[in-house]
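File shown: data.cif. Contents: mmCIF, C-alpha atoms.
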data_input
loop_
_atom_site.label_atom_id
_atom_site.label_comp_id
_atom_site.auth_asym_id
_atom_site.auth_seq_id
_atom_site.Cartn_x
_atom_site.Cartn_y
_atom_site.Cartn_z
CA MET A 1 -181.76 177.28 71.65
CA ASP A 2 -183.08 178.43 75.02
CA VAL A 3 -186.10 180.30 73.68
CA GLN A 4 -186.80 182.22 76.87
CA THR A 5 -183.22 183.51 77.16
CA TYR A 6 -183.14 184.37 73.45
CA VAL A 7 -186.43 186.29 73.37
CA HIS A 8 -185.77 188.14 76.61
CA GLY A 9 -182.36 189.14 75.25
CA ILE A 10 -184.08 190.64 72.21
CA GLY A 11 -186.47 192.46 74.54
CA ARG A 12 -183.65 194.02 76.54
CA GLN A 13 -181.91 195.16 73.37
CA ALA A 14 -185.15 196.61 72.03
CA ARG A 15 -185.74 198.61 75.22
CA ALA A 16 -182.24 200.10 74.97
CA ALA A 17 -182.67 200.82 71.25
CA ALA A 18 -186.04 202.48 71.89
CA ARG A 19 -184.32 205.22 73.87
CA ILE A 20 -181.95 205.88 70.96
CA ILE A 21 -184.53 205.92 68.15
CA ALA A 22 -186.92 208.04 70.26
CA LYS A 23 -184.46 210.95 70.23
CA ALA A 24 -183.28 210.50 66.62
CA GLY A 25 -183.93 213.46 64.35
CA THR A 26 -186.25 213.40 61.38
CA GLY A 27 -183.34 213.53 58.93
CA THR A 28 -181.68 210.51 60.53
CA LYS A 29 -184.87 208.45 60.46
CA ASN A 30 -185.62 209.42 56.88
CA ARG A 31 -182.11 208.47 55.81
CA ALA A 32 -182.56 205.03 57.37
CA LEU A 33 -185.80 204.59 55.43
CA ARG A 34 -184.35 205.71 52.10
CA GLU A 35 -181.25 203.60 52.54
CA THR A 36 -183.43 200.59 53.36
CA ALA A 37 -185.48 201.22 50.22
CA ALA A 38 -182.29 201.36 48.17
CA ALA A 39 -181.05 198.12 49.75
CA ILE A 40 -184.32 196.37 48.93
CA GLU A 41 -184.05 197.41 45.29
CA ARG A 42 -180.36 196.52 45.15
CA ASP A 43 -180.93 193.09 46.71
CA ARG A 44 -184.07 192.22 44.73
CA LYS A 45 -182.53 189.04 43.33
CA ARG A 46 -181.55 187.83 46.81
CA LEU A 47 -185.05 188.57 48.13
CA LEU A 48 -186.64 186.59 45.31
CA GLU A 49 -184.28 183.67 45.92
CA ALA A 50 -185.09 183.64 49.64
CA ASN A 51 -188.81 183.83 48.86
CA ALA A 52 -188.49 180.94 46.39
CA ARG A 53 -187.10 178.77 49.22
CA ASP A 54 -190.12 179.64 51.37
CA LEU A 55 -192.55 178.97 48.52
CA ASP A 56 -190.96 175.58 47.76
CA GLU A 57 -191.39 174.56 51.40
CA ALA A 58 -194.94 175.93 51.49
CA ARG A 59 -195.90 173.88 48.44
CA ARG A 60 -194.27 170.81 49.96
CA GLN A 61 -196.43 171.32 53.04
CA LYS A 62 -199.46 171.81 50.74
CA LEU A 63 -200.43 175.22 52.07
CA ASP A 64 -203.59 176.58 50.44
CA ALA A 65 -203.71 178.99 47.50
CA ALA A 66 -204.63 182.00 49.63
CA MET A 67 -201.61 181.41 51.89
CA LEU A 68 -199.31 181.04 48.88
CA ASP A 69 -200.67 184.28 47.44
CA ARG A 70 -199.92 186.17 50.67
CA LEU A 71 -196.46 184.59 50.90
CA THR A 72 -195.32 185.39 47.36
CA LEU A 73 -192.86 188.19 46.64
CA THR A 74 -192.78 189.44 43.05
CA PRO A 75 -190.72 192.24 41.47
CA LYS A 76 -193.87 194.38 41.70
CA VAL A 77 -194.32 193.65 45.44
CA ILE A 78 -190.64 194.36 46.10
CA ALA A 79 -190.88 197.66 44.23
CA ALA A 80 -193.97 198.52 46.29
CA MET A 81 -192.07 197.81 49.53
CA ALA A 82 -189.33 200.25 48.52
CA ASP A 83 -191.87 202.83 47.36
CA GLY A 84 -193.77 202.47 50.63
CA LEU A 85 -190.61 203.21 52.63
CA ARG A 86 -189.95 206.32 50.58
CA GLN A 87 -193.54 207.42 51.12
CA ILE A 88 -193.09 207.03 54.87
CA ALA A 89 -189.90 209.09 54.66
CA ALA A 90 -191.83 211.82 52.84
CA LEU A 91 -194.55 212.00 55.50
CA PRO A 92 -194.40 214.67 58.21
CA ASP A 93 -192.69 213.45 61.36
CA PRO A 94 -195.34 213.35 64.12
CA ILE A 95 -192.84 213.05 66.97
CA GLY A 96 -192.47 216.18 69.07
CA GLU A 97 -195.52 217.89 67.61
CA ILE A 98 -197.33 219.98 70.24
CA THR A 99 -201.06 220.55 69.78
CA GLY A 100 -203.84 222.25 71.70
CA LEU A 101 -201.53 224.62 73.54
CA ARG A 102 -203.69 227.03 75.50
CA LYS A 103 -203.08 229.58 78.22
CA ARG A 104 -204.64 229.01 81.62
CA PRO A 105 -205.67 231.78 84.07
CA THR A 106 -202.48 231.10 86.06
CA GLY A 107 -200.38 232.00 83.03
CA ILE A 108 -199.14 228.47 82.31
CA LYS A 109 -199.61 227.03 78.82
CA VAL A 110 -200.93 223.48 78.61
CA GLY A 111 -200.89 221.23 75.56
CA LYS A 112 -200.08 217.74 74.32
CA MET A 113 -196.95 216.41 72.65
CA ARG A 114 -196.91 213.38 70.35
CA VAL A 115 -194.30 210.80 71.45
CA PRO A 116 -193.28 207.23 70.53
CA ILE A 117 -194.96 204.30 72.27
CA GLY A 118 -191.60 202.61 72.94
CA VAL A 119 -191.20 198.97 71.92
CA VAL A 120 -193.72 197.54 69.46
CA ALA A 121 -193.93 193.77 68.95
CA ILE A 122 -195.56 192.76 65.68
CA ILE A 123 -196.60 189.14 65.18
CA TYR A 124 -197.69 188.23 61.67
CA GLU A 125 -198.16 185.35 59.26
CA SER A 126 -197.41 184.75 55.59
CA ARG A 127 -196.85 188.29 54.29
CA PRO A 128 -193.11 189.06 54.15
CA ASN A 129 -193.81 192.61 52.91
CA VAL A 130 -195.09 193.32 56.45
CA THR A 131 -191.45 193.13 57.59
CA ALA A 132 -190.57 196.21 55.54
CA ASP A 133 -193.81 198.08 56.23
CA ALA A 134 -193.68 197.51 59.98
CA ALA A 135 -189.98 198.35 60.23
CA GLY A 136 -190.48 201.56 58.27
CA LEU A 137 -193.41 202.78 60.33
CA CYS A 138 -191.69 201.97 63.62
CA ILE A 139 -188.49 203.76 62.58
CA LYS A 140 -190.32 206.92 61.47
CA SER A 141 -192.52 206.97 64.58
CA GLY A 142 -189.46 206.61 66.83
CA ASN A 143 -190.21 203.12 68.11
CA ALA A 144 -188.08 200.02 68.41
CA ALA A 145 -189.64 196.97 66.73
CA ILE A 146 -189.58 193.26 67.47
CA LEU A 147 -190.91 191.37 64.46
CA ARG A 148 -192.03 187.77 64.63
CA GLY A 149 -193.11 186.53 61.19
CA GLY A 150 -194.59 183.15 60.40
CA SER A 151 -192.32 180.15 59.97
CA GLU A 152 -193.51 179.82 56.37
CA ALA A 153 -191.76 183.14 55.51
CA ILE A 154 -188.62 182.75 57.60
CA HIS A 155 -186.09 183.12 54.75
CA SER A 156 -187.93 186.03 53.13
CA ASN A 157 -188.24 187.89 56.42
CA GLN A 158 -184.56 187.47 57.25
CA ALA A 159 -183.54 188.72 53.81
CA ILE A 160 -185.72 191.83 54.18
CA ALA A 161 -184.42 192.36 57.72
CA ALA A 162 -180.87 192.40 56.34
CA CYS A 163 -181.89 195.32 54.10
CA VAL A 164 -183.45 197.13 57.07
CA HIS A 165 -180.26 196.66 59.09
CA ALA A 166 -178.21 198.04 56.20
CA GLY A 167 -180.41 201.13 56.19
CA LEU A 168 -180.11 201.60 59.95
CA ARG A 169 -176.31 201.27 59.81
CA ALA A 170 -176.08 203.80 57.00
CA ALA A 171 -178.01 206.29 59.16
CA GLY A 172 -175.84 205.65 62.23
CA LEU A 173 -178.60 203.86 64.15
CA PRO A 174 -178.22 200.49 65.93
CA GLU A 175 -179.51 197.40 64.13
CA THR A 176 -181.40 196.53 67.32
CA VAL A 177 -183.95 199.24 66.49
CA VAL A 178 -185.56 196.53 64.33
CA GLN A 179 -185.10 192.89 65.33
CA VAL A 180 -186.59 189.87 63.58
CA ILE A 181 -186.97 186.78 65.75
CA GLU A 182 -185.08 184.06 63.93
CA THR A 183 -186.43 180.97 65.65
CA THR A 184 -189.54 179.26 64.28
CA ASP A 185 -190.28 177.75 67.70
CA ARG A 186 -193.83 178.75 68.61
CA ALA A 187 -192.78 179.12 72.23
CA ALA A 188 -191.17 182.40 71.17
CA VAL A 189 -194.63 183.95 70.73
CA GLY A 190 -195.64 182.97 74.25
CA GLU A 191 -192.49 184.57 75.66
CA LEU A 192 -192.91 187.71 73.57
CA ILE A 193 -196.48 188.45 74.66
CA GLY A 194 -195.55 188.07 78.31
CA MET A 195 -192.60 190.51 78.37
CA GLN A 196 -194.32 193.45 80.02
CA ASP A 197 -190.99 194.94 81.09
CA PHE A 198 -189.73 195.14 77.52
CA VAL A 199 -192.75 195.41 75.19
CA ASP A 200 -195.27 198.27 75.28
CA VAL A 201 -197.79 197.12 72.68
CA VAL A 202 -198.41 194.00 70.58
CA VAL A 203 -199.77 194.19 67.03
CA PRO A 204 -200.99 190.83 65.70
CA ARG A 205 -201.44 190.41 61.94
CA GLY A 206 -202.58 186.97 60.95
CA GLY A 207 -205.34 184.43 60.97
CA LYS A 208 -208.22 184.36 63.40
CA SER A 209 -206.67 181.52 65.43
CA LEU A 210 -203.46 183.50 66.03
CA ILE A 211 -205.29 186.65 67.11
CA ALA A 212 -207.72 184.68 69.29
CA ARG A 213 -204.76 183.05 71.02
CA LEU A 214 -203.09 186.39 71.69
CA MET A 215 -206.34 187.84 73.01
CA ARG A 216 -206.48 184.98 75.52
CA GLU A 217 -202.84 184.93 76.55
CA SER A 218 -201.27 188.37 76.12
CA ARG A 219 -200.65 190.50 79.17
CA ILE A 220 -199.64 193.44 76.99
CA PRO A 221 -202.04 195.92 75.31
CA MET A 222 -202.83 195.08 71.69
CA ILE A 223 -203.79 196.88 68.48
CA LYS A 224 -205.78 194.29 66.55
CA HIS A 225 -208.72 193.11 64.54
CA LEU A 226 -210.05 189.58 64.89
CA HIS A 227 -211.55 189.13 61.43
CA GLY A 228 -212.89 191.08 58.47
CA VAL A 229 -216.49 190.34 57.58
CA CYS A 230 -216.84 193.24 55.16
CA HIS A 231 -220.13 194.23 53.50
CA THR A 232 -221.18 196.14 50.42
CA TYR A 233 -224.79 197.37 50.37
CA ILE A 234 -226.27 198.28 46.98
CA ASP A 235 -229.04 200.76 47.64
CA ASP A 236 -232.11 201.10 45.40
CA LYS A 237 -230.84 204.60 44.56
CA ALA A 238 -227.51 203.24 43.26
CA ASP A 239 -226.12 203.76 39.79
CA LEU A 240 -226.32 200.24 38.30
CA LYS A 241 -223.02 200.31 36.36
CA LYS A 242 -221.18 201.84 39.29
CA ALA A 243 -222.63 199.25 41.68
CA ILE A 244 -221.56 196.31 39.50
CA ARG A 245 -218.00 197.62 39.12
CA ILE A 246 -217.61 198.28 42.83
CA ALA A 247 -219.14 195.01 44.03
CA ASP A 248 -217.10 193.01 41.49
CA ASN A 249 -213.85 194.66 42.58
CA ALA A 250 -214.63 194.40 46.29
CA LYS A 251 -214.80 190.60 46.01
CA THR A 252 -212.63 189.51 43.10
CA GLN A 253 -209.70 191.96 42.97
CA ARG A 254 -208.02 189.83 45.64
CA LEU A 255 -209.63 187.04 47.65
CA GLY A 256 -207.35 186.52 50.64
CA THR A 257 -207.31 189.94 52.29
CA CYS A 258 -209.17 191.22 55.33
CA ASN A 259 -210.76 194.09 53.36
CA THR A 260 -212.28 191.82 50.71
CA MET A 261 -216.09 191.86 50.68
CA GLU A 262 -217.58 188.72 52.19
CA THR A 263 -221.28 189.63 52.14
CA LEU A 264 -223.22 191.49 49.45
CA LEU A 265 -226.46 193.16 50.52
CA VAL A 266 -228.87 194.34 47.82
CA ALA A 267 -231.99 196.48 48.25
CA ARG A 268 -235.15 194.71 47.14
CA GLY A 269 -236.09 197.52 44.76
CA ILE A 270 -232.98 197.01 42.60
CA ALA A 271 -232.20 193.32 43.23
CA ALA A 272 -233.81 191.96 40.04
CA GLU A 273 -231.78 194.43 37.94
CA VAL A 274 -228.38 194.18 39.59
CA LEU A 275 -228.09 190.58 40.78
CA PRO A 276 -228.25 188.72 37.41
CA PRO A 277 -225.47 190.67 35.63
CA LEU A 278 -223.33 190.94 38.76
CA CYS A 279 -223.65 187.27 39.67
CA ARG A 280 -222.86 186.29 36.09
CA ILE A 281 -219.51 188.03 36.59
CA TYR A 282 -218.97 186.20 39.87
CA LEU A 283 -219.81 182.82 38.34
CA GLU A 284 -217.49 183.43 35.39
CA LYS A 285 -214.69 184.21 37.86
CA GLY A 286 -215.31 181.02 39.82
CA ILE A 287 -216.99 182.56 42.87
CA GLU A 288 -219.35 180.31 44.80
CA LEU A 289 -222.51 182.15 45.85
CA ARG A 290 -224.32 181.41 49.10
CA VAL A 291 -227.61 183.22 48.80
CA ASP A 292 -230.80 183.80 50.77
CA GLU A 293 -234.12 182.57 49.40
CA GLU A 294 -235.10 185.85 47.78
CA ALA A 295 -231.80 186.15 45.92
CA ARG A 296 -232.06 182.49 44.95
CA LYS A 297 -235.44 183.03 43.27
CA ILE A 298 -234.07 185.95 41.24
CA LEU A 299 -231.00 184.02 40.14
CA ARG A 300 -233.02 180.90 39.34
CA SER A 301 -235.01 182.84 36.74
CA THR A 302 -231.75 183.79 35.02
CA PHE A 303 -229.49 180.77 35.46
CA GLY A 304 -231.94 177.94 36.13
CA SER A 305 -232.02 175.75 39.21
CA ALA A 306 -229.03 173.49 38.51
CA VAL A 307 -226.03 175.80 39.01
CA PRO A 308 -223.70 174.09 41.51
CA GLN A 309 -221.98 177.38 42.36
CA ILE A 310 -225.24 178.82 43.77
CA LYS A 311 -226.09 177.40 47.19
CA ALA A 312 -228.47 178.27 50.01
CA ALA A 313 -226.86 180.43 52.69
CA THR A 314 -226.85 179.26 56.30
CA GLU A 315 -226.88 181.40 59.42
CA GLU A 316 -223.16 180.70 59.85
CA ASP A 317 -222.38 182.13 56.40
CA TRP A 318 -223.37 185.64 57.46
CA TYR A 319 -220.68 185.54 60.19
CA THR A 320 -217.95 184.01 58.02
CA GLU A 321 -214.76 185.59 56.72
CA TYR A 322 -214.07 183.26 53.80
CA LEU A 323 -210.80 184.65 52.42
CA ASP A 324 -211.70 182.46 49.46
CA ALA A 325 -213.81 182.34 46.28
CA ILE A 326 -217.08 182.34 48.24
CA LEU A 327 -219.58 185.18 48.68
CA SER A 328 -222.73 185.48 50.78
CA VAL A 329 -225.61 187.36 49.14
CA ARG A 330 -228.77 188.67 50.79
CA VAL A 331 -231.67 190.80 49.60
CA VAL A 332 -232.80 193.36 52.19
CA LYS A 333 -235.79 195.63 52.33
CA ASP A 334 -233.94 198.94 52.58
CA LEU A 335 -231.08 200.87 54.16
CA ASP A 336 -232.31 200.25 57.71
CA GLU A 337 -232.42 196.48 57.23
CA ALA A 338 -228.96 196.57 55.63
CA MET A 339 -227.52 198.43 58.61
CA GLU A 340 -229.26 196.05 61.00
CA HIS A 341 -227.63 193.11 59.19
CA ILE A 342 -224.20 194.75 59.39
CA ALA A 343 -224.65 195.46 63.10
CA ALA A 344 -225.69 191.86 63.77
CA TYR A 345 -223.13 190.00 61.66
CA GLY A 346 -220.28 192.41 60.88
CA SER A 347 -216.86 192.61 62.47
CA GLN A 348 -216.56 196.44 62.53
CA HIS A 349 -213.83 196.29 59.88
CA THR A 350 -214.97 197.85 56.57
CA ASP A 351 -218.45 198.38 55.14
CA ALA A 352 -219.59 200.25 52.05
CA ILE A 353 -222.77 201.64 50.51
CA VAL A 354 -223.38 202.26 46.81
CA THR A 355 -226.00 205.00 46.42
CA GLU A 356 -226.64 208.31 44.67
CA ASP A 357 -228.79 209.50 47.59
CA LYS A 358 -226.65 211.87 49.69
CA ALA A 359 -228.90 211.70 52.73
CA ARG A 360 -228.70 207.89 52.80
CA ALA A 361 -224.95 208.03 52.29
CA ARG A 362 -224.58 210.36 55.28
CA ARG A 363 -226.76 208.08 57.41
CA PHE A 364 -224.62 205.08 56.48
CA LEU A 365 -221.42 206.97 57.32
CA ARG A 366 -222.82 208.11 60.66
CA GLU A 367 -224.64 204.99 61.82
CA VAL A 368 -222.47 202.06 60.68
CA ASP A 369 -220.04 201.41 63.55
CA SER A 370 -216.99 200.15 61.66
CA SER A 371 -213.37 201.27 61.53
CA SER A 372 -213.75 202.20 57.83
CA VAL A 373 -217.08 203.20 56.27
CA MET A 374 -217.27 203.98 52.56
CA VAL A 375 -219.60 205.52 50.00
CA ASN A 376 -219.39 204.47 46.34
CA ALA A 377 -216.00 202.81 46.69
CA SER A 378 -214.63 199.28 46.94
CA THR A 379 -213.86 197.91 50.40
CA ARG A 380 -210.43 196.99 49.01
CA PHE A 381 -209.39 200.60 49.61
CA ALA A 382 -209.26 199.99 53.39
CA ASP A 383 -205.50 199.95 53.45
CA GLY A 384 -202.76 202.16 54.86
CA TYR A 385 -201.08 202.62 51.48
CA GLU A 386 -204.35 203.67 49.84
CA TYR A 387 -205.16 206.00 52.75
CA GLY A 388 -201.88 207.84 52.26
CA LEU A 389 -200.23 206.45 55.40
CA GLY A 390 -197.28 205.09 53.39
CA ALA A 391 -197.91 201.66 54.88
CA GLU A 392 -199.67 200.11 57.84
CA VAL A 393 -198.82 197.73 60.66
CA GLY A 394 -202.36 196.40 60.59
CA ILE A 395 -206.03 197.20 60.89
CA SER A 396 -207.58 197.95 64.25
CA THR A 397 -211.25 197.42 65.00
CA ASP A 398 -210.75 198.48 68.61
CA LYS A 399 -212.19 201.84 69.64
CA LEU A 400 -209.44 203.00 71.97
CA HIS A 401 -206.19 204.56 70.78
CA ALA A 402 -206.04 203.50 67.10
CA ARG A 403 -208.84 202.50 64.72
CA GLY A 404 -208.76 201.39 61.08
CA PRO A 405 -205.43 201.19 59.20
CA VAL A 406 -202.68 201.89 61.73
CA GLY A 407 -199.94 204.12 60.38
CA LEU A 408 -197.53 206.56 61.98
CA GLU A 409 -199.98 208.31 64.27
CA GLY A 410 -201.36 204.99 65.51
CA LEU A 411 -197.87 204.07 66.71
CA THR A 412 -197.58 207.15 68.88
CA SER A 413 -198.98 208.34 72.18
CA LEU A 414 -199.60 211.75 73.71
CA LYS A 415 -198.22 213.30 76.85
CA TRP A 416 -199.23 216.52 78.54
CA VAL A 417 -196.74 219.37 78.41
CA VAL A 418 -196.84 222.48 80.57
CA ILE A 419 -194.87 225.65 79.75
CA GLY A 420 -194.54 228.27 82.43
CA THR A 421 -192.63 231.42 83.23
CA GLY A 422 -192.04 230.76 86.92
CA GLN A 423 -195.62 230.18 88.13
CA ILE A 424 -196.28 228.38 91.43
CA ARG A 425 -199.60 227.00 92.58
CA LYS A 426 -201.33 228.92 95.31
#
Using the file provided, produce a representation of the structure as structure tokens.
Amino acid sequence: MDVQTYVHGIGRQARAAARIIAKAGTGTKNRALRETAAAIERDRKRLLEANARDLDEARRQKLDAAMLDRLTLTPKVIAAMADGLRQIAALPDPIGEITGLRKRPTGIKVGKMRVPIGVVAIIYESRPNVTADAAGLCIKSGNAAILRGGSEAIHSNQAIAACVHAGLRAAGLPETVVQVIETTDRAAVGELIGMQDFVDVVVPRGGKSLIARLMRESRIPMIKHLHGVCHTYIDDKADLKKAIRIADNAKTQRLGTCNTMETLLVARGIAAEVLPPLCRIYLEKGIELRVDEEARKILRSTFGSAVPQIKAATEEDWYTEYLDAILSVRVVKDLDEAMEHIAAYGSQHTDAIVTEDKARARRFLREVDSSSVMVNASTRFADGYEYGLGAEVGISTDKLHARGPVGLEGLTSLKWVVIGTGQIRK
């Protein structure tokens, strides 16, 4: 295969399809989404068979447990994909909405209209459910999509794409509205991120090395986050039971996601009460703890000095997104020191405070500069589905255009509209 010719051909088709989907009515787009959801449910067996082929190859290549977890489709995941598409269909259509319309002294009315971006290229690894989520969001927001999944999920992605194409056909839309790159040749990524004539924005979803590469090489604007070093701070005004439940869930509910807590910060005034029972839970669940000296002294008095799962934290640990059964733990003086730590070591992804003090909660919300900031809730909620977006194409830690989980609105732009009655400028 001539990769350059192949990828550029997809780009040209996407640009043509973008003009068609941009003018499609809400009913047409919603029908495509519902028909895709029905196809996914109807073809569940075929999706599981395709995924089994990918999993067999992944195990043969000895991919790690976190990668296998992200790669796996189950009946529950497949049902969630279909449900997510129906949720997107049920959301208000943002395209064509005019806001801020105001009358000027000349008599003209000036406002802004929400419009599609155009062609969205999404590059992702491991998670085949992204194929359905990304396709659904792009269809509803009036964009054409070029999807490039990881080679480890090639059969799963193609099977899901077949369901998407069935949905598009049923709604009278061209299959080229959503195209999945079928080659596993890595050169395809290089071609895709250089096609400025055909692609309007790139959304990378994957490991740090993939996103770092795209940041270096792409000549197209991106919606991205590099990594998720997420924190939970347990304040000395926290409810102890609430804090333990939240901090346990934030780390152990799922290890390999970007919104999983990687560093636990505990106020000195409550550390001796909360750390022993909480860390007992972590140890029982197989979590390795990398702790500062103050936390180590507290845990030593409870567990003794010979617990191999409790290790001294290094400076590098505070910067690390583990995506694994490892957690950094630090005791801090107070809220100010916790926020200083987050500012120094965080990735502006998701950070949470557990406290019953409303003034401190408001300060945390206002002063922590992350794309999602939470009070008394697990960081695992930083997700488009949980935020009511239906699905997401990714998380953005950038400050321009889109920030946090990127749903429908994040895949749109605004243009100025002017409505007159014959006015001319004098």
Checklist line | Test item: residues at most 9 Å from range 173-188 of chain A, only C-alpha atoms, excluding those fewer than 6 positions along its chain, as JSON, numbers by chain | finding: {"A": [1, 3, 4, 6, 7, 10, 13, 14, 15, 16, 17, 18, 20, 21, 24, 28, 29, 32, 131, 135, 138, 139, 143, 144, 145, 146, 147, 148, 149, 150, 151, 152, 154, 157, 158, 161, 164, 165, 166, 167]}
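Checking A:Arg169, A:Lys251, A:Leu73, A:Ile342 one by one against Ala52 in chain A, counting all atoms listed in the file, you find the shortest gap at A:Leu73.
Residue nearest Ile220 in chain A within the list A:Gly136, A:Gly269, A:Gly388, A:Pro204: A:Pro204 [criterion: smallest interatomic distance, only C-alpha atoms].
For the atom pair formed by CA of Arg31 in chain A and CA of Trp416 in chain A, the distance is 29.6 Å, given to one decimal.
Closest approach to Val77 in chain A from the set A:Asn51, A:Asn129, A:Lys45, A:Asn30 is made by A:Asn129, with distances taken over only C-alpha atoms.
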Using all atoms listed in the file, tabulate the residues of range 59-131 of chain A lying at most 12 Å from any atom of range 40-43 of chain A, each with its closest atom pair and that distance in Å to one decimal, by chain and increasing residue number, as JSON lines.
{"residue": "A:Pro75", "atom": "CA", "partner": "A:Glu41", "partner_atom": "CA", "distance": 9.3}
{"residue": "A:Lys76", "atom": "CA", "partner": "A:Glu41", "partner_atom": "CA", "distance": 10.9}
{"residue": "A:Val77", "atom": "CA", "partner": "A:Ile40", "partner_atom": "CA", "distance": 10.9}
{"residue": "A:Ile78", "atom": "CA", "partner": "A:Ile40", "partner_atom": "CA", "distance": 7.2}
{"residue": "A:Ala79", "atom": "CA", "partner": "A:Glu41", "partner_atom": "CA", "distance": 6.9}
{"residue": "A:Ala80", "atom": "CA", "partner": "A:Glu41", "partner_atom": "CA", "distance": 10.0}
{"residue": "A:Met81", "atom": "CA", "partner": "A:Ile40", "partner_atom": "CA", "distance": 7.9}
{"residue": "A:Ala82", "atom": "CA", "partner": "A:Ile40", "partner_atom": "CA", "distance": 6.4}
{"residue": "A:Asp83", "atom": "CA", "partner": "A:Glu41", "partner_atom": "CA", "distance": 9.7}
{"residue": "A:Gly84", "atom": "CA", "partner": "A:Ile40", "partner_atom": "CA", "distance": 11.4}
{"residue": "A:Leu85", "atom": "CA", "partner": "A:Ile40", "partner_atom": "CA", "distance": 10.0}
{"residue": "A:Arg86", "atom": "CA", "partner": "A:Ile40", "partner_atom": "CA", "distance": 11.6}
{"residue": "A:Asn129", "atom": "CA", "partner": "A:Ile40", "partner_atom": "CA", "distance": 11.0}
{"residue": "A:Thr131", "atom": "CA", "partner": "A:Ile40", "partner_atom": "CA", "distance": 11.7}
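Minimum atom-to-atom distances from A:Arg70, A:Arg219, A:Arg213, A:Lys140 to Phe198 in chain A were compared using only C-alpha atoms, and the lowest value belongs to A:Arg219.
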Output requested as a JSON list (two decimals), in the frame of the given file - range 328-332 of chain A, filled out with all heavy atoms.
[["chain", "number", "residue", "atom", "x", "y", "z"],
["A", 328, "SER", "N", -221.35, 185.54, 50.28],
["A", 328, "SER", "CA", -222.73, 185.48, 50.78],
["A", 328, "SER", "C", -223.52, 186.63, 50.15],
["A", 328, "SER", "O", -223.00, 187.74, 50.02],
["A", 328, "SER", "CB", -222.77, 185.61, 52.30],
["A", 328, "SER", "OG", -222.06, 184.55, 52.91],
["A", 329, "VAL", "N", -224.77, 186.36, 49.79],
["A", 329, "VAL", "CA", -225.61, 187.36, 49.14],
["A", 329, "VAL", "C", -226.99, 187.36, 49.81],
["A", 329, "VAL", "O", -227.61, 186.31, 49.97],
["A", 329, "VAL", "CB", -225.78, 187.07, 47.63],
["A", 329, "VAL", "CG1", -226.63, 188.16, 46.97],
["A", 329, "VAL", "CG2", -224.42, 186.96, 46.94],
["A", 330, "ARG", "N", -227.45, 188.56, 50.15],
["A", 330, "ARG", "CA", -228.77, 188.67, 50.79],
["A", 330, "ARG", "C", -229.51, 189.88, 50.23],
["A", 330, "ARG", "O", -228.92, 190.95, 50.03],
["A", 330, "ARG", "CB", -228.63, 188.82, 52.30],
["A", 330, "ARG", "CG", -229.97, 188.91, 53.02],
["A", 330, "ARG", "CD", -229.82, 189.14, 54.51],
["A", 330, "ARG", "NE", -231.12, 189.28, 55.14],
["A", 330, "ARG", "CZ", -231.31, 189.66, 56.40],
["A", 330, "ARG", "NH1", -230.27, 189.93, 57.18],
["A", 330, "ARG", "NH2", -232.53, 189.76, 56.90],
["A", 331, "VAL", "N", -230.79, 189.70, 49.99],
["A", 331, "VAL", "CA", -231.67, 190.80, 49.60],
["A", 331, "VAL", "C", -232.30, 191.37, 50.86],
["A", 331, "VAL", "O", -232.83, 190.62, 51.70],
["A", 331, "VAL", "CB", -232.76, 190.32, 48.62],
["A", 331, "VAL", "CG1", -233.73, 191.46, 48.31],
["A", 331, "VAL", "CG2", -232.13, 189.81, 47.33],
["A", 332, "VAL", "N", -232.22, 192.70, 51.01],
["A", 332, "VAL", "CA", -232.80, 193.36, 52.19],
["A", 332, "VAL", "C", -233.85, 194.36, 51.73],
["A", 332, "VAL", "O", -233.85, 194.81, 50.59],
["A", 332, "VAL", "CB", -231.71, 194.06, 53.02],
["A", 332, "VAL", "CG1", -230.75, 193.06, 53.63],
["A", 332, "VAL", "CG2", -230.94, 195.09, 52.19]]
